[in-house]
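my_file.cif follows; it contains mmCIF, C-alpha atoms.
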data_data
#
loop_
_atom_site.group_PDB
_atom_site.id
_atom_site.type_symbol
_atom_site.label_atom_id
_atom_site.label_comp_id
_atom_site.auth_asym_id
_atom_site.auth_seq_id
_atom_site.Cartn_x
_atom_site.Cartn_y
_atom_site.Cartn_z
ATOM 1 C CA MET T 1 -44.732 -37.918 -45.718
ATOM 2 C CA VAL T 2 -42.113 -35.302 -46.549
ATOM 3 C CA THR T 3 -43.811 -32.120 -47.796
ATOM 4 C CA PHE T 4 -40.744 -29.915 -48.208
ATOM 5 C CA ALA T 5 -37.282 -30.817 -49.532
ATOM 6 C CA ALA T 6 -34.393 -28.709 -50.756
ATOM 7 C CA ALA T 7 -30.804 -29.613 -51.599
ATOM 8 C CA PHE T 8 -27.792 -27.355 -51.193
ATOM 9 C CA ASP T 9 -24.308 -27.611 -52.674
ATOM 10 C CA ILE T 10 -21.364 -26.184 -50.755
ATOM 11 C CA ILE T 11 -19.574 -23.872 -53.186
ATOM 12 C CA GLU T 12 -16.850 -22.570 -50.888
ATOM 13 C CA GLY T 13 -15.218 -23.666 -47.660
ATOM 14 C CA ARG T 14 -12.722 -21.873 -45.458
ATOM 15 C CA ALA T 15 -11.314 -23.838 -42.534
ATOM 16 C CA CYS T 16 -14.670 -25.474 -41.792
ATOM 17 C CA PRO T 17 -13.875 -28.399 -39.445
ATOM 18 C CA TYR T 18 -16.615 -30.662 -40.838
ATOM 19 C CA TYR T 19 -17.614 -29.918 -44.436
ATOM 20 C CA ASN T 20 -15.874 -29.247 -47.753
ATOM 21 C CA LYS T 21 -16.570 -27.660 -51.111
ATOM 22 C CA ASP T 22 -18.812 -29.892 -53.292
ATOM 23 C CA ASP T 23 -20.437 -31.561 -50.269
ATOM 24 C CA SER T 24 -24.237 -31.654 -50.421
ATOM 25 C CA LEU T 25 -26.840 -30.995 -47.750
ATOM 26 C CA ILE T 26 -30.541 -31.888 -47.794
ATOM 27 C CA LEU T 27 -33.194 -30.063 -45.821
ATOM 28 C CA THR T 28 -36.718 -31.432 -45.379
ATOM 29 C CA ASP T 29 -39.582 -30.514 -43.095
ATOM 30 C CA ARG T 30 -38.600 -33.494 -40.919
ATOM 31 C CA ALA T 31 -34.798 -33.643 -40.965
ATOM 32 C CA VAL T 32 -31.464 -32.175 -41.952
ATOM 33 C CA ILE T 33 -29.469 -34.788 -43.877
ATOM 34 C CA LEU T 34 -25.736 -34.168 -43.746
ATOM 35 C CA PRO T 35 -22.869 -35.772 -45.716
ATOM 36 C CA VAL T 36 -22.470 -39.442 -44.780
ATOM 37 C CA GLY T 37 -19.913 -40.093 -42.084
ATOM 38 C CA ARG T 38 -19.585 -36.436 -41.027
ATOM 39 C CA PRO T 39 -20.425 -35.206 -37.534
ATOM 40 C CA ALA T 40 -23.361 -32.878 -37.086
ATOM 41 C CA CYS T 41 -22.648 -29.178 -36.740
ATOM 42 C CA LEU T 42 -25.511 -27.808 -34.690
ATOM 43 C CA ILE T 43 -24.761 -24.284 -35.866
ATOM 44 C CA LEU T 44 -25.345 -25.368 -39.473
ATOM 45 C CA VAL T 45 -28.444 -27.375 -38.502
ATOM 46 C CA ARG T 46 -29.894 -24.262 -36.862
ATOM 47 C CA GLU T 47 -29.066 -22.122 -39.908
ATOM 48 C CA LEU T 48 -30.737 -24.596 -42.272
ATOM 49 C CA THR T 49 -33.883 -25.090 -40.226
ATOM 50 C CA GLU T 50 -34.362 -21.327 -39.947
ATOM 51 C CA LEU T 51 -33.823 -21.061 -43.702
ATOM 52 C CA MET T 52 -36.666 -23.505 -44.324
ATOM 53 C CA PHE T 53 -39.229 -20.945 -43.149
ATOM 54 C CA ASP T 54 -37.938 -18.458 -45.736
ATOM 55 C CA LEU T 55 -37.965 -21.023 -48.538
ATOM 56 C CA LEU T 56 -41.251 -22.771 -47.780
ATOM 57 C CA PRO T 57 -43.464 -20.252 -49.629
ATOM 58 C CA HIS T 58 -41.331 -20.729 -52.776
ATOM 59 C CA ALA T 59 -41.362 -24.527 -52.936
ATOM 60 C CA GLU T 60 -44.053 -24.620 -55.649
ATOM 61 C CA THR T 61 -41.784 -22.653 -58.004
ATOM 62 C CA ASP T 62 -38.828 -24.949 -57.222
ATOM 63 C CA PHE T 63 -37.154 -21.926 -55.584
ATOM 64 C CA ALA T 64 -36.641 -20.238 -58.972
ATOM 65 C CA GLU T 65 -35.986 -16.795 -57.494
ATOM 66 C CA GLN T 66 -33.672 -18.109 -54.754
ATOM 67 C CA ARG T 67 -31.312 -20.225 -56.859
ATOM 68 C CA SER T 68 -28.787 -17.441 -57.357
ATOM 69 C CA THR T 69 -28.689 -16.639 -53.638
ATOM 70 C CA VAL T 70 -25.504 -17.570 -51.780
ATOM 71 C CA TYR T 71 -26.090 -18.598 -48.166
ATOM 72 C CA THR T 72 -23.391 -18.483 -45.502
ATOM 73 C CA CYS T 73 -22.723 -20.365 -42.290
ATOM 74 C CA GLY T 74 -19.892 -18.817 -40.319
ATOM 75 C CA GLY T 75 -20.794 -19.376 -36.704
ATOM 76 C CA CYS T 76 -17.601 -21.104 -35.565
ATOM 77 C CA THR T 77 -13.908 -21.163 -36.516
ATOM 78 C CA GLY T 78 -14.599 -21.778 -40.197
ATOM 79 C CA LEU T 79 -16.979 -20.677 -42.922
ATOM 80 C CA ILE T 80 -18.929 -22.308 -45.731
ATOM 81 C CA LYS T 81 -21.032 -20.850 -48.532
ATOM 82 C CA PHE T 82 -23.774 -22.857 -50.210
ATOM 83 C CA GLN T 83 -26.447 -22.536 -52.901
ATOM 84 C CA LEU T 84 -29.581 -24.406 -53.828
ATOM 85 C CA GLY T 85 -28.857 -27.461 -55.947
ATOM 86 C CA ASP T 86 -31.030 -30.003 -57.766
ATOM 87 C CA THR T 87 -34.239 -30.662 -55.875
ATOM 88 C CA PRO T 88 -33.886 -34.087 -54.206
ATOM 89 C CA GLN T 89 -36.179 -36.891 -55.317
ATOM 90 C CA ASN T 90 -37.441 -39.787 -53.180
ATOM 91 C CA VAL T 91 -36.119 -38.364 -49.945
ATOM 92 C CA GLY T 92 -36.487 -41.012 -47.244
ATOM 93 C CA LYS T 93 -39.904 -41.121 -45.638
ATOM 94 C CA PRO T 94 -40.121 -40.446 -41.917
ATOM 95 C CA GLY T 95 -42.825 -42.908 -40.768
ATOM 96 C CA ASP T 96 -42.127 -46.219 -39.199
ATOM 97 C CA GLY T 97 -38.424 -45.944 -39.577
ATOM 98 C CA GLU T 98 -35.564 -47.158 -37.619
ATOM 99 C CA GLY T 99 -34.432 -45.234 -40.626
ATOM 100 C CA GLU T 100 -31.550 -43.221 -41.848
ATOM 101 C CA ILE T 101 -29.367 -41.559 -39.249
ATOM 102 C CA VAL T 102 -29.616 -37.862 -40.030
ATOM 103 C CA MET T 103 -27.641 -36.495 -37.111
ATOM 104 C CA SER T 104 -24.804 -37.835 -34.995
ATOM 105 C CA GLY T 105 -21.948 -36.520 -32.918
ATOM 106 C CA ARG T 106 -20.107 -36.506 -29.598
ATOM 107 C CA ILE T 107 -21.656 -35.305 -26.382
ATOM 108 C CA ASP T 108 -18.381 -33.824 -25.208
ATOM 109 C CA ALA T 109 -18.981 -31.261 -27.979
ATOM 110 C CA ILE T 110 -22.600 -30.596 -26.946
ATOM 111 C CA VAL T 111 -23.708 -31.571 -23.460
ATOM 112 C CA PRO T 112 -26.983 -33.541 -23.069
ATOM 113 C CA PRO T 113 -29.108 -30.612 -21.759
ATOM 114 C CA GLU T 114 -28.221 -28.547 -24.860
ATOM 115 C CA LEU T 115 -28.732 -31.559 -27.125
ATOM 116 C CA LEU T 116 -32.226 -32.149 -25.753
ATOM 117 C CA GLN T 117 -33.068 -28.484 -26.299
ATOM 118 C CA VAL T 118 -32.052 -28.703 -29.971
ATOM 119 C CA PHE T 119 -34.548 -31.486 -30.701
ATOM 120 C CA HIS T 120 -37.240 -29.767 -28.636
ATOM 121 C CA MET T 121 -36.696 -26.353 -30.256
ATOM 122 C CA HIS T 122 -36.817 -27.771 -33.784
ATOM 123 C CA GLN T 123 -39.841 -29.955 -32.975
ATOM 124 C CA LYS T 124 -38.185 -33.173 -34.075
ATOM 125 C CA THR T 125 -39.903 -36.555 -34.180
ATOM 126 C CA GLY T 126 -37.793 -39.666 -33.713
ATOM 127 C CA LYS T 127 -35.410 -41.435 -31.356
ATOM 128 C CA LEU T 128 -32.258 -39.964 -29.830
ATOM 129 C CA LEU T 129 -29.876 -42.810 -28.991
ATOM 130 C CA LEU T 130 -26.908 -42.165 -26.709
ATOM 131 C CA ASP T 131 -23.936 -44.367 -25.848
ATOM 132 C CA MET T 132 -22.227 -42.829 -22.834
ATOM 133 C CA ASP T 133 -19.768 -43.747 -20.106
ATOM 134 C CA GLY T 134 -22.696 -44.337 -17.764
ATOM 135 C CA GLY T 135 -24.532 -46.607 -20.199
ATOM 136 C CA SER T 136 -26.919 -46.423 -23.130
ATOM 137 C CA ALA T 137 -29.961 -44.186 -23.248
ATOM 138 C CA ARG T 138 -32.942 -43.628 -25.527
ATOM 139 C CA VAL T 139 -35.112 -40.514 -25.664
ATOM 140 C CA THR T 140 -38.201 -40.525 -27.886
ATOM 141 C CA PHE T 141 -39.493 -37.227 -29.277
ATOM 142 C CA ARG T 142 -42.767 -36.352 -30.979
ATOM 143 C CA ASP T 143 -42.822 -32.838 -32.430
ATOM 144 C CA GLY T 144 -40.185 -31.831 -29.892
ATOM 145 C CA ALA T 145 -42.021 -33.251 -26.876
ATOM 146 C CA ILE T 146 -40.483 -36.166 -24.955
ATOM 147 C CA ILE T 147 -42.869 -39.121 -24.849
ATOM 148 C CA ALA T 148 -40.467 -41.759 -23.448
ATOM 149 C CA ALA T 149 -36.962 -42.043 -22.038
ATOM 150 C CA ARG T 150 -34.808 -44.878 -20.734
ATOM 151 C CA PHE T 151 -31.318 -44.765 -19.192
ATOM 152 C CA GLY T 152 -30.078 -47.951 -17.549
ATOM 153 C CA GLU T 153 -32.748 -48.872 -14.992
ATOM 154 C CA LEU T 154 -34.263 -45.381 -15.025
ATOM 155 C CA ASP T 155 -37.415 -44.444 -16.926
ATOM 156 C CA ASN T 156 -38.926 -41.208 -18.235
ATOM 157 C CA GLN T 157 -38.146 -38.117 -16.129
ATOM 158 C CA GLU T 158 -35.628 -39.890 -13.892
ATOM 159 C CA ALA T 159 -33.875 -41.164 -17.005
ATOM 160 C CA ILE T 160 -33.612 -37.599 -18.327
ATOM 161 C CA PHE T 161 -32.212 -36.370 -15.001
ATOM 162 C CA GLY T 162 -29.647 -39.167 -15.030
ATOM 163 C CA LEU T 163 -28.383 -38.762 -18.581
ATOM 164 C CA MET T 164 -28.078 -34.978 -18.224
ATOM 165 C CA ALA T 165 -25.075 -35.518 -15.952
ATOM 166 C CA GLU T 166 -23.119 -37.481 -18.578
ATOM 167 C CA LYS T 167 -20.180 -35.739 -20.228
ATOM 168 C CA LYS T 168 -18.656 -38.262 -22.654
ATOM 169 C CA GLY T 169 -20.094 -40.472 -25.361
ATOM 170 C CA HIS T 170 -21.783 -40.399 -28.735
ATOM 171 C CA PHE T 171 -25.313 -39.769 -29.954
ATOM 172 C CA ARG T 172 -27.305 -40.446 -33.103
ATOM 173 C CA PHE T 173 -30.823 -39.453 -34.087
ATOM 174 C CA LEU T 174 -33.230 -41.640 -36.072
ATOM 175 C CA PRO T 175 -36.177 -39.718 -37.557
ATOM 176 C CA GLY T 176 -39.744 -40.988 -37.547
ATOM 177 C CA LEU T 177 -41.851 -43.082 -35.193
ATOM 178 C CA PRO T 178 -44.246 -46.017 -35.560
ATOM 179 C CA SER T 179 -47.847 -44.856 -35.839
ATOM 180 C CA PRO T 180 -48.949 -46.133 -32.376
ATOM 181 C CA LEU T 181 -46.390 -43.884 -30.673
ATOM 182 C CA MET T 182 -47.687 -40.760 -32.401
ATOM 183 C CA ASN T 183 -50.531 -40.591 -29.864
ATOM 184 C CA ALA T 184 -48.461 -41.347 -26.755
ATOM 185 C CA ARG T 185 -48.653 -38.901 -23.856
ATOM 186 C CA GLU T 186 -45.751 -36.628 -22.973
ATOM 187 C CA ILE T 187 -43.777 -37.592 -19.877
ATOM 188 C CA GLY T 188 -44.123 -33.996 -18.661
ATOM 189 C CA ASP T 189 -43.577 -30.388 -19.680
ATOM 190 C CA PHE T 190 -40.213 -30.209 -21.430
ATOM 191 C CA MET T 191 -38.964 -26.997 -19.830
ATOM 192 C CA MET T 192 -40.047 -28.100 -16.348
ATOM 193 C CA ILE T 193 -38.119 -31.353 -16.783
ATOM 194 C CA LEU T 194 -35.080 -29.515 -18.101
ATOM 195 C CA MET T 195 -35.062 -26.980 -15.270
ATOM 196 C CA GLU T 196 -35.422 -29.688 -12.631
ATOM 197 C CA GLY T 197 -32.546 -31.616 -14.204
ATOM 198 C CA LEU T 198 -30.327 -28.524 -14.237
ATOM 199 C CA LYS T 199 -31.248 -27.819 -10.611
ATOM 200 C CA ARG T 200 -30.156 -31.315 -9.634
ATOM 201 C CA LEU T 201 -26.872 -30.890 -11.499
ATOM 202 C CA ASP T 202 -26.212 -27.664 -9.613
ATOM 203 C CA GLU T 203 -26.938 -29.349 -6.294
ATOM 204 C CA GLU T 204 -24.507 -32.174 -7.116
ATOM 205 C CA ASP T 205 -21.763 -29.650 -7.886
ATOM 206 C CA VAL T 206 -22.148 -27.873 -4.554
#
Rewrite the structure of this file - the entire thing - as structure tokens.
Amino acid sequence: MVTFAAAFDIIEGRACPYYNKDDSLILTDRAVILPVGRPACLILVRELTELMFDLLPHAETDFAEQRSTVYTCGGCTGLIKFQLGDTPQNVGKPGDGEGEIVMSGRIDAIVPPELLQVFHMHQKTGKLLLDMDGGSARVTFRDGAIIAARFGELDNQEAIFGLMAEKKGHFRFLPGLPSPLMNAREIGDFMMILMEGLKRLDEEDV
């Protein structure tokens, strides 16, 4: 179950392409929940997940000392400032869910190799679903490790190698996995798979 949850209210926005003043963001130990219908900004997701480690020791006090702090995300063409808001109640449980989509976007804005690294780096658990020109794909993560992948007729590592070459489409991430999958074996070392996939891409470009 969720053991950490914090809500943030955007108090100022300057030319941010995705989010506006008065939008709300929710950060838990399992997901970053963004405003409904908005694309995911991976810069903001990174900022929030790094912030969690600073806030975690203060969760028992409901972040009393941090509530006056103004946080800033200005890693692209725009800028937003946000503060802690009311602590969210009944945040969706991760578990068995084909649950709430907490992250979505276009892969022409973030290519598949970088997208895979985001979920690995932040140790996400859930399913990454991709609809691309070459077909649909599914990559299943447990704590950032890939435990299954499917792309067309390709499975596991070959599926990863295949989808890494795609350049157009959309993705969405569903947090949580059924209990039986939590003990599934990894399909291989993540960085070894990634490096082999990048090597194959380079060879195709030659």
Computed interatomic separation between CA of Glu114 in chain T and CA of Pro175 in chain T (Å):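 Distance between the two atoms: 18.7 Å.
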Spatial neighbours of Glu50 in chain T, max dist 12 Å, all atoms listed in the file, sep filter under 2 positions, as a PyMOL selection string: chain T and resi 27-29+32+43-48+52-56+71+73+121-122
Residue nearest Leu116 in chain T among T:Phe63, T:Phe173, T:Lys168, T:Ser68 (counting only C-alpha atoms):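 Closest candidate: T:Phe173.
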Interatomic distance (Å, one decimal) between CA of Gln66 in chain T and CA of Leu42 in chain T: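 CA of Leu42 in chain T lies at a distance of 23.7 Å from CA of Gln66 in chain T.
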Å distance separating CA of Ala15 in chain T from CA of Asp108 in chain T, one decimal place: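 For CA of Ala15 in chain T relative to CA of Asp108 in chain T, the distance reads 21.2 Å.
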Explicit residues for the PyMOL selection byres ((chain T and resi 127-132) around 10) (as a PyMOL selection string): chain T and resi 97-98+101+103-107+112+115-116+119+124-126+133-142+146+148-151+163+166-177
Matched chain/residue IDs from the PyMOL selection byres ((chain T and resi 10) around 6), as a list in words: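 Applied to this file, the PyMOL selection byres ((chain T and resi 10) around 6) selects Asp9, Ile11, Glu12, Lys21, Asp22, Asp23, Lys81 and Phe82 of chain T.
For the set T:Ala109, T:Ala145, T:Leu181, T:Ala40, the residue with the smallest atom-to-atom gap to Gln123 in chain T is T:Ala145, counting all atoms listed in the file.
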Neighbour residues at most 8 Å from (-32.1, -23.6, -52.0) (all atoms listed in the file) as a list of chain:residue names: T:Ala6, T:Ala7, T:Phe8, T:Leu55, T:Phe63, T:Gln66, T:Arg67, T:Thr69, T:Gln83, T:Leu84, T:Gly85
Distance criterion (all atoms listed in the file): nearest to Ala159 in chain T out of T:Ile80, T:Ala184, T:Ala59, T:Ile193: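 So, comparing all the options, the nearest one is T:Ile193.
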